[in-house]
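Trainee: My structure is in entry01.pdb, and what it holds is PDB, C-alpha atoms:
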```pdb
ATOM      1  CA  MET A1021      35.854 -44.087 -42.011  1.00  0.00           C
ATOM      2  CA  ASP A1022      35.761 -42.166 -38.726  1.00  0.00           C
ATOM      3  CA  VAL A1023      32.584 -43.533 -37.163  1.00  0.00           C
ATOM      4  CA  SER A1024      32.937 -41.173 -34.198  1.00  0.00           C
ATOM      5  CA  ARG A1025      31.885 -38.293 -36.447  1.00  0.00           C
ATOM      6  CA  SER A1026      28.631 -39.967 -37.395  1.00  0.00           C
ATOM      7  CA  TYR A1027      26.881 -39.665 -34.027  1.00  0.00           C
ATOM      8  CA  THR A1028      24.608 -36.652 -33.585  1.00  0.00           C
ATOM      9  CA  GLY A1029      22.542 -37.709 -30.564  1.00  0.00           C
ATOM     10  CA  ARG A1030      23.370 -37.257 -26.858  1.00  0.00           C
ATOM     11  CA  VAL A1031      25.254 -40.122 -25.269  1.00  0.00           C
ATOM     12  CA  SER A1032      23.507 -39.546 -21.939  1.00  0.00           C
ATOM     13  CA  ASP A1033      20.177 -40.347 -23.576  1.00  0.00           C
ATOM     14  CA  ILE A1034      20.987 -43.971 -24.413  1.00  0.00           C
ATOM     15  CA  ALA A1035      19.992 -45.461 -21.054  1.00  0.00           C
ATOM     16  CA  GLU A1036      16.776 -43.466 -20.995  1.00  0.00           C
ATOM     17  CA  ASN A1037      15.990 -44.411 -24.597  1.00  0.00           C
ATOM     18  CA  LEU A1038      16.520 -48.109 -23.983  1.00  0.00           C
ATOM     19  CA  LEU A1039      14.285 -48.016 -20.920  1.00  0.00           C
ATOM     20  CA  ARG A1040      11.529 -46.162 -22.776  1.00  0.00           C
ATOM     21  CA  VAL A1041      11.634 -48.498 -25.766  1.00  0.00           C
ATOM     22  CA  ARG A1042      11.544 -51.591 -23.571  1.00  0.00           C
ATOM     23  CA  GLN A1043       8.525 -50.203 -21.749  1.00  0.00           C
ATOM     24  CA  GLN A1044       6.784 -49.541 -25.073  1.00  0.00           C
ATOM     25  CA  VAL A1045       7.545 -53.064 -26.269  1.00  0.00           C
ATOM     26  CA  ASP A1046       6.274 -54.600 -23.042  1.00  0.00           C
ATOM     27  CA  GLU A1047       3.111 -52.504 -23.145  1.00  0.00           C
ATOM     28  CA  THR A1048       2.428 -53.362 -26.776  1.00  0.00           C
ATOM     29  CA  ALA A1049       3.012 -57.065 -26.159  1.00  0.00           C
ATOM     30  CA  ALA A1050       0.681 -57.083 -23.168  1.00  0.00           C
ATOM     31  CA  ASN A1051      -2.038 -55.350 -25.179  1.00  0.00           C
ATOM     32  CA  CYS A1052      -1.989 -58.075 -27.825  1.00  0.00           C
ATOM     33  CA  ASP A1053      -1.647 -60.990 -25.383  1.00  0.00           C
ATOM     34  CA  ARG A1054       1.985 -61.731 -26.158  1.00  0.00           C
ATOM     35  CA  ASP A1055       4.708 -62.564 -23.685  1.00  0.00           C
ATOM     36  CA  PRO A1056       7.094 -59.558 -23.640  1.00  0.00           C
ATOM     37  CA  ALA A1057       9.983 -61.967 -23.081  1.00  0.00           C
ATOM     38  CA  GLU A1058       9.461 -63.280 -26.633  1.00  0.00           C
ATOM     39  CA  ILE A1059      10.511 -59.940 -28.119  1.00  0.00           C
ATOM     40  CA  ARG A1060      14.142 -58.900 -28.201  1.00  0.00           C
ATOM     41  CA  ILE A1061      15.681 -55.583 -29.187  1.00  0.00           C
ATOM     42  CA  LEU A1062      18.513 -55.528 -31.701  1.00  0.00           C
ATOM     43  CA  ALA A1063      20.347 -52.227 -31.282  1.00  0.00           C
ATOM     44  CA  VAL A1064      21.367 -51.111 -34.771  1.00  0.00           C
ATOM     45  CA  SER A1065      24.780 -49.617 -34.098  1.00  0.00           C
ATOM     46  CA  LYS A1066      25.918 -48.830 -37.641  1.00  0.00           C
ATOM     47  CA  THR A1067      27.985 -45.610 -37.704  1.00  0.00           C
ATOM     48  CA  MET A1068      28.123 -45.664 -33.891  1.00  0.00           C
ATOM     49  CA  PRO A1069      31.617 -45.664 -32.326  1.00  0.00           C
ATOM     50  CA  SER A1070      32.683 -48.169 -29.717  1.00  0.00           C
ATOM     51  CA  ASN A1071      31.993 -45.968 -26.707  1.00  0.00           C
ATOM     52  CA  ARG A1072      28.336 -45.568 -27.705  1.00  0.00           C
ATOM     53  CA  ILE A1073      27.979 -49.323 -28.047  1.00  0.00           C
ATOM     54  CA  LEU A1074      29.617 -49.842 -24.664  1.00  0.00           C
ATOM     55  CA  GLU A1075      27.192 -47.412 -23.029  1.00  0.00           C
ATOM     56  CA  ALA A1076      24.264 -49.409 -24.391  1.00  0.00           C
ATOM     57  CA  TYR A1077      26.019 -52.572 -23.199  1.00  0.00           C
ATOM     58  CA  ALA A1078      26.320 -51.090 -19.699  1.00  0.00           C
ATOM     59  CA  CYS A1079      22.535 -50.651 -19.744  1.00  0.00           C
ATOM     60  CA  GLY A1080      22.036 -54.361 -20.412  1.00  0.00           C
ATOM     61  CA  GLN A1081      21.899 -54.376 -24.215  1.00  0.00           C
ATOM     62  CA  ARG A1082      23.663 -57.427 -25.678  1.00  0.00           C
ATOM     63  CA  MET A1083      22.485 -57.720 -29.295  1.00  0.00           C
ATOM     64  CA  PHE A1084      23.882 -55.257 -31.845  1.00  0.00           C
ATOM     65  CA  GLY A1085      23.245 -55.057 -35.582  1.00  0.00           C
ATOM     66  CA  GLU A1086      25.609 -53.841 -38.269  1.00  0.00           C
ATOM     67  CA  ASN A1087      25.379 -53.685 -42.044  1.00  0.00           C
ATOM     68  CA  ARG A1088      29.014 -53.136 -43.050  1.00  0.00           C
ATOM     69  CA  VAL A1089      31.617 -55.815 -42.520  1.00  0.00           C
ATOM     70  CA  GLN A1090      34.558 -53.416 -42.609  1.00  0.00           C
ATOM     71  CA  GLU A1091      33.002 -51.101 -40.030  1.00  0.00           C
ATOM     72  CA  VAL A1092      32.666 -53.902 -37.496  1.00  0.00           C
ATOM     73  CA  ARG A1093      36.187 -55.043 -38.257  1.00  0.00           C
ATOM     74  CA  GLU A1094      37.386 -51.614 -37.162  1.00  0.00           C
ATOM     75  CA  LYS A1095      35.154 -51.452 -34.083  1.00  0.00           C
ATOM     76  CA  ILE A1096      35.762 -54.835 -32.478  1.00  0.00           C
ATOM     77  CA  PRO A1097      39.297 -54.121 -31.183  1.00  0.00           C
ATOM     78  CA  GLY A1098      37.823 -51.365 -28.997  1.00  0.00           C
ATOM     79  CA  ILE A1099      35.035 -53.545 -27.603  1.00  0.00           C
ATOM     80  CA  GLU A1100      36.123 -56.041 -24.956  1.00  0.00           C
ATOM     81  CA  PRO A1101      32.937 -57.783 -23.715  1.00  0.00           C
ATOM     82  CA  SER A1102      32.784 -61.278 -25.180  1.00  0.00           C
ATOM     83  CA  ASP A1103      29.056 -61.754 -24.624  1.00  0.00           C
ATOM     84  CA  ILE A1104      27.977 -59.215 -27.238  1.00  0.00           C
ATOM     85  CA  ILE A1105      26.014 -60.933 -30.016  1.00  0.00           C
ATOM     86  CA  TRP A1106      26.750 -59.369 -33.404  1.00  0.00           C
ATOM     87  CA  HIS A1107      24.062 -59.579 -36.093  1.00  0.00           C
ATOM     88  CA  PHE A1108      24.793 -58.766 -39.717  1.00  0.00           C
ATOM     89  CA  ILE A1109      21.719 -57.123 -41.246  1.00  0.00           C
ATOM     90  CA  GLY A1110      22.976 -55.717 -44.557  1.00  0.00           C
ATOM     91  CA  HIS A1111      23.421 -57.105 -48.037  1.00  0.00           C
ATOM     92  CA  LEU A1112      26.371 -59.494 -47.906  1.00  0.00           C
ATOM     93  CA  GLN A1113      28.754 -59.466 -50.851  1.00  0.00           C
ATOM     94  CA  SER A1114      30.416 -62.750 -51.740  1.00  0.00           C
ATOM     95  CA  ASN A1115      33.918 -61.346 -51.280  1.00  0.00           C
ATOM     96  CA  LYS A1116      33.063 -60.341 -47.697  1.00  0.00           C
ATOM     97  CA  SER A1117      31.388 -63.595 -46.699  1.00  0.00           C
ATOM     98  CA  ARG A1118      34.401 -65.206 -45.009  1.00  0.00           C
ATOM     99  CA  ILE A1119      35.132 -62.098 -42.935  1.00  0.00           C
ATOM    100  CA  ALA A1120      31.448 -61.943 -42.011  1.00  0.00           C
ATOM    101  CA  VAL A1121      31.576 -65.524 -40.726  1.00  0.00           C
ATOM    102  CA  GLU A1122      34.638 -64.627 -38.656  1.00  0.00           C
ATOM    103  CA  LEU A1123      33.082 -61.502 -37.127  1.00  0.00           C
ATOM    104  CA  PHE A1124      29.379 -62.169 -36.724  1.00  0.00           C
ATOM    105  CA  ASP A1125      27.336 -64.559 -34.615  1.00  0.00           C
ATOM    106  CA  VAL A1126      24.182 -64.211 -36.706  1.00  0.00           C
ATOM    107  CA  ILE A1127      23.647 -63.292 -40.357  1.00  0.00           C
ATOM    108  CA  GLN A1128      20.091 -62.165 -40.989  1.00  0.00           C
ATOM    109  CA  SER A1129      20.387 -61.473 -44.711  1.00  0.00           C
ATOM    110  CA  VAL A1130      20.816 -64.851 -46.415  1.00  0.00           C
ATOM    111  CA  ASP A1131      18.945 -64.607 -49.707  1.00  0.00           C
ATOM    112  CA  SER A1132      20.290 -67.345 -51.966  1.00  0.00           C
ATOM    113  CA  ALA A1133      21.413 -70.950 -51.965  1.00  0.00           C
ATOM    114  CA  LYS A1134      24.765 -69.817 -53.344  1.00  0.00           C
ATOM    115  CA  LEU A1135      25.385 -67.535 -50.371  1.00  0.00           C
ATOM    116  CA  ALA A1136      24.210 -70.172 -47.888  1.00  0.00           C
ATOM    117  CA  LYS A1137      26.587 -72.767 -49.335  1.00  0.00           C
ATOM    118  CA  ARG A1138      29.445 -70.282 -49.267  1.00  0.00           C
ATOM    119  CA  LEU A1139      28.778 -69.457 -45.614  1.00  0.00           C
ATOM    120  CA  ASN A1140      28.607 -73.155 -44.762  1.00  0.00           C
ATOM    121  CA  ARG A1141      31.962 -73.745 -46.430  1.00  0.00           C
ATOM    122  CA  HIS A1142      33.577 -70.887 -44.497  1.00  0.00           C
ATOM    123  CA  CYS A1143      32.096 -72.232 -41.272  1.00  0.00           C
ATOM    124  CA  GLU A1144      33.592 -75.640 -41.985  1.00  0.00           C
ATOM    125  CA  GLU A1145      36.995 -74.069 -42.643  1.00  0.00           C
ATOM    126  CA  LEU A1146      36.826 -72.018 -39.456  1.00  0.00           C
ATOM    127  CA  GLY A1147      35.313 -74.724 -37.267  1.00  0.00           C
ATOM    128  CA  LYS A1148      32.286 -72.617 -36.497  1.00  0.00           C
ATOM    129  CA  ALA A1149      28.503 -72.949 -36.488  1.00  0.00           C
ATOM    130  CA  LEU A1150      26.505 -69.951 -37.653  1.00  0.00           C
ATOM    131  CA  GLU A1151      22.950 -68.849 -36.950  1.00  0.00           C
ATOM    132  CA  ILE A1152      21.202 -67.429 -40.003  1.00  0.00           C
ATOM    133  CA  PHE A1153      17.892 -65.924 -41.110  1.00  0.00           C
ATOM    134  CA  ILE A1154      16.413 -65.895 -44.605  1.00  0.00           C
ATOM    135  CA  GLN A1155      15.800 -62.375 -45.857  1.00  0.00           C
ATOM    136  CA  VAL A1156      12.423 -62.104 -47.568  1.00  0.00           C
ATOM    137  CA  ASN A1157      11.586 -59.331 -50.021  1.00  0.00           C
ATOM    138  CA  ILE A1158       7.981 -59.233 -48.895  1.00  0.00           C
ATOM    139  CA  SER A1159       7.092 -56.149 -50.958  1.00  0.00           C
ATOM    140  CA  GLY A1160       8.643 -57.326 -54.243  1.00  0.00           C
ATOM    141  CA  GLU A1161      10.573 -54.058 -54.629  1.00  0.00           C
ATOM    142  CA  SER A1162      13.369 -54.454 -57.172  1.00  0.00           C
ATOM    143  CA  ARG A1163      15.790 -52.293 -55.177  1.00  0.00           C
ATOM    144  CA  LYS A1164      15.429 -54.443 -52.059  1.00  0.00           C
ATOM    145  CA  SER A1165      17.498 -57.499 -51.243  1.00  0.00           C
ATOM    146  CA  GLY A1166      15.861 -60.773 -50.305  1.00  0.00           C
ATOM    147  CA  ILE A1167      13.921 -63.502 -52.054  1.00  0.00           C
ATOM    148  CA  GLY A1168      10.229 -63.667 -52.827  1.00  0.00           C
ATOM    149  CA  PRO A1169       7.947 -65.504 -50.395  1.00  0.00           C
ATOM    150  CA  GLU A1170       7.320 -68.244 -52.951  1.00  0.00           C
ATOM    151  CA  GLN A1171      11.065 -69.040 -53.073  1.00  0.00           C
ATOM    152  CA  VAL A1172      11.495 -69.420 -49.330  1.00  0.00           C
ATOM    153  CA  PRO A1173      10.476 -73.106 -48.950  1.00  0.00           C
ATOM    154  CA  GLU A1174      13.107 -74.249 -51.456  1.00  0.00           C
ATOM    155  CA  LEU A1175      15.843 -72.192 -49.792  1.00  0.00           C
ATOM    156  CA  VAL A1176      14.825 -73.651 -46.434  1.00  0.00           C
ATOM    157  CA  ARG A1177      15.294 -77.159 -47.888  1.00  0.00           C
ATOM    158  CA  VAL A1178      18.758 -76.246 -49.173  1.00  0.00           C
ATOM    159  CA  ILE A1179      19.868 -74.730 -45.872  1.00  0.00           C
ATOM    160  CA  GLU A1180      18.685 -77.737 -43.901  1.00  0.00           C
ATOM    161  CA  GLN A1181      21.245 -79.839 -45.778  1.00  0.00           C
ATOM    162  CA  LEU A1182      24.118 -77.558 -44.692  1.00  0.00           C
ATOM    163  CA  PRO A1183      25.450 -78.871 -41.375  1.00  0.00           C
ATOM    164  CA  HIS A1184      27.226 -75.730 -40.168  1.00  0.00           C
ATOM    165  CA  LEU A1185      24.245 -73.409 -40.540  1.00  0.00           C
ATOM    166  CA  HIS A1186      21.366 -73.119 -38.104  1.00  0.00           C
ATOM    167  CA  LEU A1187      18.272 -71.535 -39.625  1.00  0.00           C
ATOM    168  CA  SER A1188      16.360 -69.650 -36.923  1.00  0.00           C
ATOM    169  CA  GLY A1189      13.783 -67.671 -38.871  1.00  0.00           C
ATOM    170  CA  LEU A1190      12.969 -64.928 -41.325  1.00  0.00           C
ATOM    171  CA  MET A1191      13.860 -61.259 -41.749  1.00  0.00           C
ATOM    172  CA  THR A1192      12.330 -58.516 -43.858  1.00  0.00           C
ATOM    173  CA  ILE A1193      12.638 -54.814 -44.631  1.00  0.00           C
ATOM    174  CA  PRO A1194       9.200 -53.621 -45.771  1.00  0.00           C
ATOM    175  CA  PRO A1195       8.522 -50.391 -47.661  1.00  0.00           C
ATOM    176  CA  PHE A1196       8.819 -47.179 -45.689  1.00  0.00           C
ATOM    177  CA  PHE A1197       5.652 -45.273 -44.863  1.00  0.00           C
ATOM    178  CA  GLU A1198       5.204 -42.260 -42.606  1.00  0.00           C
ATOM    179  CA  ASP A1199       2.086 -43.983 -41.287  1.00  0.00           C
ATOM    180  CA  PRO A1200       3.179 -47.265 -39.646  1.00  0.00           C
ATOM    181  CA  GLU A1201      -0.301 -48.707 -40.147  1.00  0.00           C
ATOM    182  CA  LYS A1202       0.470 -48.940 -43.870  1.00  0.00           C
ATOM    183  CA  VAL A1203       3.278 -51.375 -43.069  1.00  0.00           C
ATOM    184  CA  ARG A1204       0.981 -53.731 -41.160  1.00  0.00           C
ATOM    185  CA  PRO A1205      -0.053 -55.889 -44.176  1.00  0.00           C
ATOM    186  CA  TYR A1206       3.603 -56.652 -44.928  1.00  0.00           C
ATOM    187  CA  PHE A1207       4.304 -57.678 -41.340  1.00  0.00           C
ATOM    188  CA  ARG A1208       1.146 -59.774 -41.309  1.00  0.00           C
ATOM    189  CA  ARG A1209       2.173 -61.570 -44.490  1.00  0.00           C
ATOM    190  CA  MET A1210       5.558 -62.374 -42.944  1.00  0.00           C
ATOM    191  CA  LYS A1211       3.876 -63.945 -39.935  1.00  0.00           C
ATOM    192  CA  GLU A1212       1.622 -65.950 -42.240  1.00  0.00           C
ATOM    193  CA  LEU A1213       4.680 -67.148 -44.162  1.00  0.00           C
ATOM    194  CA  GLN A1214       6.373 -68.199 -40.943  1.00  0.00           C
ATOM    195  CA  ASP A1215       3.260 -70.104 -39.874  1.00  0.00           C
ATOM    196  CA  GLU A1216       3.028 -71.821 -43.270  1.00  0.00           C
ATOM    197  CA  LEU A1217       6.647 -72.967 -43.051  1.00  0.00           C
ATOM    198  CA  ASN A1218       6.138 -74.267 -39.514  1.00  0.00           C
ATOM    199  CA  GLN A1219       3.086 -76.379 -40.264  1.00  0.00           C
ATOM    200  CA  ASP A1220       5.059 -79.545 -40.937  1.00  0.00           C
ATOM    201  CA  ARG A1221       8.281 -78.791 -39.075  1.00  0.00           C
ATOM    202  CA  GLU A1222       9.385 -80.685 -35.980  1.00  0.00           C
ATOM    203  CA  GLN A1223      11.620 -77.746 -35.052  1.00  0.00           C
ATOM    204  CA  PRO A1224       9.794 -74.477 -35.798  1.00  0.00           C
ATOM    205  CA  LEU A1225      11.484 -71.395 -37.182  1.00  0.00           C
ATOM    206  CA  TRP A1226      10.865 -69.218 -34.129  1.00  0.00           C
ATOM    207  CA  GLU A1227      12.444 -65.932 -35.115  1.00  0.00           C
ATOM    208  CA  LEU A1228      10.794 -63.140 -37.071  1.00  0.00           C
ATOM    209  CA  SER A1229      13.032 -60.097 -37.466  1.00  0.00           C
ATOM    210  CA  MET A1230      10.976 -57.112 -38.565  1.00  0.00           C
ATOM    211  CA  GLY A1231      10.155 -53.623 -37.407  1.00  0.00           C
ATOM    212  CA  MET A1232      12.363 -50.571 -37.022  1.00  0.00           C
ATOM    213  CA  SER A1233      12.265 -47.299 -35.106  1.00  0.00           C
ATOM    214  CA  GLY A1234       9.170 -45.933 -36.829  1.00  0.00           C
ATOM    215  CA  ASP A1235       6.990 -49.039 -36.880  1.00  0.00           C
ATOM    216  CA  PHE A1236       8.199 -51.455 -34.214  1.00  0.00           C
ATOM    217  CA  ARG A1237       4.976 -51.394 -32.236  1.00  0.00           C
ATOM    218  CA  VAL A1238       3.008 -52.578 -35.265  1.00  0.00           C
ATOM    219  CA  ALA A1239       5.661 -55.236 -35.870  1.00  0.00           C
ATOM    220  CA  VAL A1240       5.265 -56.506 -32.298  1.00  0.00           C
ATOM    221  CA  GLU A1241       1.493 -56.663 -32.750  1.00  0.00           C
ATOM    222  CA  GLU A1242       1.984 -58.762 -35.882  1.00  0.00           C
ATOM    223  CA  GLY A1243       4.418 -61.263 -34.381  1.00  0.00           C
ATOM    224  CA  ALA A1244       7.969 -59.884 -34.484  1.00  0.00           C
ATOM    225  CA  THR A1245      10.426 -61.585 -32.139  1.00  0.00           C
ATOM    226  CA  ILE A1246      13.352 -59.278 -32.975  1.00  0.00           C
ATOM    227  CA  ILE A1247      12.940 -55.570 -33.663  1.00  0.00           C
ATOM    228  CA  ARG A1248      15.844 -53.644 -35.181  1.00  0.00           C
ATOM    229  CA  LEU A1249      16.132 -50.234 -33.535  1.00  0.00           C
ATOM    230  CA  GLY A1250      18.728 -47.568 -34.192  1.00  0.00           C
ATOM    231  CA  THR A1251      17.504 -43.983 -34.035  1.00  0.00           C
ATOM    232  CA  VAL A1252      15.197 -44.466 -31.052  1.00  0.00           C
ATOM    233  CA  ILE A1253      18.168 -45.787 -29.062  1.00  0.00           C
ATOM    234  CA  PHE A1254      21.172 -43.833 -30.287  1.00  0.00           C
ATOM    235  CA  GLY A1255      19.534 -40.705 -31.669  1.00  0.00           C
ATOM    236  CA  PRO A1256      19.733 -39.258 -35.195  1.00  0.00           C
ATOM    237  CA  ARG A1257      22.735 -40.150 -37.273  1.00  0.00           C
ATOM    238  CA  THR A1258      24.356 -38.707 -40.335  1.00  0.00           C
ATOM    239  CA  THR A1259      24.647 -40.687 -43.564  1.00  0.00           C
ATOM    240  CA  THR A1260      28.069 -42.143 -44.248  1.00  0.00           C
TER     241      THR A1260
END
```
Go ahead and render the structure in this file as structure tokens.
Mentor:
Amino acid sequence: MDVSRSYTGRVSDIAENLLRVRQQVDETAANCDRDPAEIRILAVSKTMPSNRILEAYACGQRMFGENRVQEVREKIPGIEPSDIIWHFIGHLQSNKSRIAVELFDVIQSVDSAKLAKRLNRHCEELGKALEIFIQVNISGESRKSGIGPEQVPELVRVIEQLPHLHLSGLMTIPPFFEDPEKVRPYFRRMKELQDELNQDREQPLWELSMGMSGDFRVAVEEGATIIRLGTVIFGPRTTT
């Protein structure tokens, strides 16, 4: 796949876009009495070639999200900075799990005990610790990955017995609505779920990954700590 053909935005806009988005995040956080420093931007760089990622990096962006293992495998040789933090945010197939452990620092889409145990085994083999999130299908849509909210506590218990995995929080992809206000109840339920899980925990699950280009301000208002932004940073992209 030639990822360089997938970019349709203007490269020169990336710095301006990042600045504008950060200002919007800070403003939204201040308006709901949150510390802006609690909210981090994950630049979703799928289909973006290395030079676009490096431009965002030059503007201070360090966290990048991808949803295809093979795409990142092709990109990494052209990206030298070692302090980039790669997040996997797509559905992870079992046959790609070892490569994912090799390439990524964080996997946000763990949705089964089987996958968690497989990742732990690969980490042991590779001598690596891995940060993970549980993906929650908060809407119950059959076409979406993730587990139901009622299944999360049991998966948390399983993961806590796996020494090479560090569970940081939860991730969700809610239904798409043109009106971001319609997404608010799903974000609110995710925050409630996080709070329920943390009631009896000595070490809270701090992270809540939710919100994308069209609804990130609502996500911030409802407690997101990581927002996953692609189009508002890199511009429109073609489907590959």
Trainee: To one decimal in Å, tell me the separation between atom CA of Pro1256 of chain A and atom CA of Ile1109 of chain A.
Mentor: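 According to the coordinates, atom CA of Pro1256 of chain A and atom CA of Ile1109 of chain A are separated by 19.0 Å.
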Trainee: What does the distance from atom CA of Asn1051 of chain A to atom CA of Ala1239 of chain A come to in Å, to one decimal?
Mentor: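 So the answer is 13.2 Å.
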Trainee: Hey, could you pull the box centre and edge lengths for segment 1134-1150 of chain A, axis-aligned, 4 Å padding per side, all listed atoms, to one decimal in Å, as AutoDock Vina command-line options?
Mentor:
```
--center_x 30.6 --center_y -71.6 --center_z -44.9 --size_x 20.8 --size_y 16.1 --size_z 24.9
```
Trainee: Leaving out segment 1195-1210 of chain A and any residue of its chain fewer than 2 positions from it, which residues lie within 7 Å of it when counting all atoms listed in the file, given as a PyMOL selection string?
Mentor: chain A and resi 1158-1159+1193+1212-1214+1234-1235+1238-1239+1242
Trainee: Please measure the separation of atom CA of Glu1216 of chain A and atom CA of Leu1112 of chain A, giving the value in Å to one decimal.
Mentor: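 Separating atom CA of Glu1216 of chain A from atom CA of Leu1112 of chain A is a distance of 26.8 Å.
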Trainee: With a distance cut-off of 10 Å and all atoms listed in the file, select the neighbouring residues of Gln1081 of chain A, excluding the residue or stretch itself and same-chain residues fewer than 4 positions from it, and output the selection as a PyMOL selection string.
Mentor: chain A and resi 1035+1038+1060-1063+1073-1077+1104-1105
Trainee: Output the selection as a PDB file, keeping the file's coordinate frame - C-alpha atoms for each residue.
Mentor:
```
ATOM      1  CA  ALA A1035      19.992 -45.461 -21.054  1.00  0.00           C
ATOM      2  CA  LEU A1038      16.520 -48.109 -23.983  1.00  0.00           C
ATOM      3  CA  ARG A1060      14.142 -58.900 -28.201  1.00  0.00           C
ATOM      4  CA  ILE A1061      15.681 -55.583 -29.187  1.00  0.00           C
ATOM      5  CA  LEU A1062      18.513 -55.528 -31.701  1.00  0.00           C
ATOM      6  CA  ALA A1063      20.347 -52.227 -31.282  1.00  0.00           C
ATOM      7  CA  ILE A1073      27.979 -49.323 -28.047  1.00  0.00           C
ATOM      8  CA  LEU A1074      29.617 -49.842 -24.664  1.00  0.00           C
ATOM      9  CA  GLU A1075      27.192 -47.412 -23.029  1.00  0.00           C
ATOM     10  CA  ALA A1076      24.264 -49.409 -24.391  1.00  0.00           C
ATOM     11  CA  TYR A1077      26.019 -52.572 -23.199  1.00  0.00           C
ATOM     12  CA  ILE A1104      27.977 -59.215 -27.238  1.00  0.00           C
ATOM     13  CA  ILE A1105      26.014 -60.933 -30.016  1.00  0.00           C
TER      14      ILE A1105
END
```
Trainee: Quick one: of A:Arg1141, A:Lys1211, A:Lys1134, A:Lys1066, who's nearest to Val1240 of chain A, counting only C-alpha atoms?
Mentor: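 Result for the nearest residue to Val1240 of chain A: A:Lys1211.
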Trainee: At a cut-off of 12 Å, using only C-alpha atoms, what residues contact segment 1116-1119 of chain A? Leave out same-chain residues fewer than 6 positions from it and give the result as a ChimeraX atom specification.
Mentor: /A:1087-1093,1108,1110,1125,1127,1129-1130,1134-1146,1148,1150
Trainee: Written as a ChimeraX atom specification, what is the full residue list that the PyMOL selection byres ((chain A and resi 1040-1043) around 12) yields on the file shown?
Mentor: /A:1033-1039,1044-1050,1056-1057,1059-1063,1079-1081,1232-1234,1236-1237,1240,1247-1254
Trainee: Using only C-alpha atoms, which of the listed residues (A:Gly1255, A:Pro1069, A:Gly1189, A:Gly1147) sits closest to Pro1173 of chain A?
Mentor: A:Gly1189
Trainee: Applying the PyMOL selection byres ((chain A and resi 1186) around 7) to the file I just gave you, which residues come out? Please list them as number ranges by chain.
Mentor: A: 1150-1152, 1184-1185, 1187-1188
Trainee: Write out, as a PDB file, in the coordinates of the input, the residues just selected, with C-alpha atoms.
Mentor:
```
ATOM      1  CA  LEU A1150      26.505 -69.951 -37.653  1.00  0.00           C
ATOM      2  CA  GLU A1151      22.950 -68.849 -36.950  1.00  0.00           C
ATOM      3  CA  ILE A1152      21.202 -67.429 -40.003  1.00  0.00           C
ATOM      4  CA  HIS A1184      27.226 -75.730 -40.168  1.00  0.00           C
ATOM      5  CA  LEU A1185      24.245 -73.409 -40.540  1.00  0.00           C
ATOM      6  CA  LEU A1187      18.272 -71.535 -39.625  1.00  0.00           C
ATOM      7  CA  SER A1188      16.360 -69.650 -36.923  1.00  0.00           C
TER       8      SER A1188
END
```
Trainee: Could you tell me which of A:Asp1215, A:Arg1072, A:Thr1067, A:Ile1179 comes closest to Glu1094 of chain A if we count all atoms listed in the file?
Mentor: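 That would be A:Thr1067, the residue with the smallest distance to Glu1094 of chain A.
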Trainee: Point out the residue among A:Val1176, A:Cys1052, A:Ala1244, A:Ala1078 with the least atom-to-atom distance to Ser1229 of chain A, counting only C-alpha atoms.
Mentor: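 Nearest to Ser1229 of chain A: A:Ala1244.
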Trainee: Need the shell around Met1191 of chain A: protein/DNA/RNA residues with any atom at most 7 Å away, counting all atoms listed in the file. Skip same-chain ones fewer than 2 positions apart. Format as a tab-separated table (two decimals) with C-alpha atoms, keeping the file's coordinate frame?
Mentor:
```tsv
chain	number	residue	atom	x	y	z
A	1128	GLN	CA	20.09	-62.16	-40.99
A	1153	PHE	CA	17.89	-65.92	-41.11
A	1154	ILE	CA	16.41	-65.90	-44.60
A	1155	GLN	CA	15.80	-62.38	-45.86
A	1156	VAL	CA	12.42	-62.10	-47.57
A	1228	LEU	CA	10.79	-63.14	-37.07
A	1229	SER	CA	13.03	-60.10	-37.47
A	1230	MET	CA	10.98	-57.11	-38.56
```
Trainee: With distances taken over only C-alpha atoms, which of A:Leu1190, A:Val1121, A:Val1064, A:Leu1217 is nearest to Arg1082 of chain A?
Mentor: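 For Arg1082 of chain A, the nearest of the candidates is A:Val1064.
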Trainee: Neighbours of Asn1157 of chain A within 6 Å (all atoms listed in the file; same-chain residues fewer than 2 positions away dropped), as a ChimeraX atom specification?
Mentor: /A:1159-1160,1166-1168
